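Written below as structure tokens is the structure these notes are about.
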Amino acid sequence: MLRPLFAVIVTTGSGPGLEAAAASLAAQNYEELSLLVVANGDALQVPDAWPPSAPNAFVRLLDENRGFGAACNEAALMVDGSAFFLFCHDDVYCSSQTPCN
């Protein structure tokens, strides 16, 4: 039985890696994977930069940059029933052939 996994990308804006990170996580074949982007502070451009390859992702906009740890804590409080979390910055890229780096 697969356990639910929530992948959380913490970003401070629509940097160049956000689209690639989200698309690479959305392309994973783990059936119980959900994707959440926490825009930490400068979040005005995040919805505009959202890649079409991750249409089912959730986006949480924080009003100020509270730091990576605080953004992860916020995400953990939002999710109910997840067995595992994967917390990453917006420059993480996962391949379908190798695990996330």
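In the structure tokens, the first chain shown is A, the next is B, and so on; residue numbers restart at 1 for each chain, and ligands run from 1 in the order shown.
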Inset, instruction - Considering only C-alpha atoms, return as a ChimeraX atom specification whatever protein or nucleic-acid residues lie within 7 Å of stretch 21-25 of chain A, sequence-local ones (same chain, fewer than 4 positions apart) excluded. - result: /A:17,51,53-54,90-95
Please save C-alpha atoms of the selected residues as an mmCIF file, in the first residue's frame.
data_model
loop_
_atom_site.group_PDB
_atom_site.id
_atom_site.type_symbol
_atom_site.label_atom_id
_atom_site.label_comp_id
_atom_site.auth_asym_id
_atom_site.auth_seq_id
_atom_site.Cartn_x
_atom_site.Cartn_y
_atom_site.Cartn_z
ATOM 1 C CA GLY A 17 14.085 27.019 -11.102
ATOM 2 C CA PRO A 51 3.773 25.617 -15.293
ATOM 3 C CA SER A 53 2.611 20.568 -16.375
ATOM 4 C CA ALA A 54 1.559 20.859 -12.698
ATOM 5 C CA ASP A 90 12.714 25.932 -5.742
ATOM 6 C CA ASP A 91 15.974 24.816 -7.338
ATOM 7 C CA VAL A 92 15.422 21.069 -6.842
ATOM 8 C CA TYR A 93 14.932 19.027 -9.975
ATOM 9 C CA CYS A 94 13.759 15.403 -9.985
ATOM 10 C CA SER A 95 14.309 13.032 -12.847
#
Inset, instruction - Extract, using only C-alpha atoms, all DNA, RNA and protein residues at most 12 Å from A:Pro4, discarding same-chain residues fewer than 6 positions from it, and format them as a VMD selection string. - result: chain A and resid 30 to 35 79 to 86
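Across the structure, atom CA of A:Gly67 and atom CA of A:Gln28 are spaced 27.0 Å apart.
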Inset, instruction - Between atom CA of A:Asn65 and atom CA of A:Ala27, measure the distance and give it in Å to one decimal. - result: 28.2 Å
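Here atom CA of A:Ala20 is placed at a distance of 19.4 Å from atom CA of A:Leu5.
Closest to A:Phe68 among A:Val46, A:Glu19, A:Ala39, A:Ala7 is A:Ala39, based on only C-alpha atoms.
Among the residues of stretch 22-83 of chain A, backbone DSSP assigns strand (DSSP E) to Leu33, Ser34, Leu35, Leu36, Val37, Val38, Ala39, Asn40, Phe58, Val59, Arg60, Leu61 and Leu62 of chain A.
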Legend entry - Counting only C-alpha atoms, the option among A:Arg3, A:Gly69, A:Val10, A:Asn56 closest to A:His89: A:Val10
Legend entry - Residue neighbourhood A:Arg60, 9 Å, only C-alpha atoms, exclusion window fewer than 6 positions, as a ChimeraX atom specification: /A:36-40,75
Inset, instruction - Please run DSSP on the backbone and report, as a ChimeraX atom specification, all residues within stretch 6-97 of chain A that come out as helix (DSSP H, G or I). - result: /A:16-26,47-49,68-78
Inset, instruction - For A:Phe87, list every protein, DNA or RNA residue within 7 Å, evaluated using only C-alpha atoms, and leave out those in the same chain fewer than 6 positions away; present the list as a PyMOL selection string. - result: chain A and resi 7-9+72
With N, CA and C atoms retained, could you export that selection as a PDB file, in the first residue's frame?
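This is the output file selection.pdb:
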ATOM      1  N   ALA A   7       4.848  16.775  -1.536  1.00  0.00           N
ATOM      2  CA  ALA A   7       6.067  17.475  -1.928  1.00  0.00           C
ATOM      3  C   ALA A   7       5.795  18.970  -1.778  1.00  0.00           C
ATOM      4  N   VAL A   8       6.630  19.642  -1.021  1.00  0.00           N
ATOM      5  CA  VAL A   8       6.458  21.073  -0.747  1.00  0.00           C
ATOM      6  C   VAL A   8       7.652  21.817  -1.324  1.00  0.00           C
ATOM      7  N   ILE A   9       7.386  22.731  -2.246  1.00  0.00           N
ATOM      8  CA  ILE A   9       8.425  23.591  -2.800  1.00  0.00           C
ATOM      9  C   ILE A   9       8.287  24.954  -2.142  1.00  0.00           C
ATOM     10  N   CYS A  72       8.031  25.816   5.776  1.00  0.00           N
ATOM     11  CA  CYS A  72       7.788  24.372   5.872  1.00  0.00           C
ATOM     12  C   CYS A  72       6.797  24.058   6.987  1.00  0.00           C
TER      13      CYS A  72
END
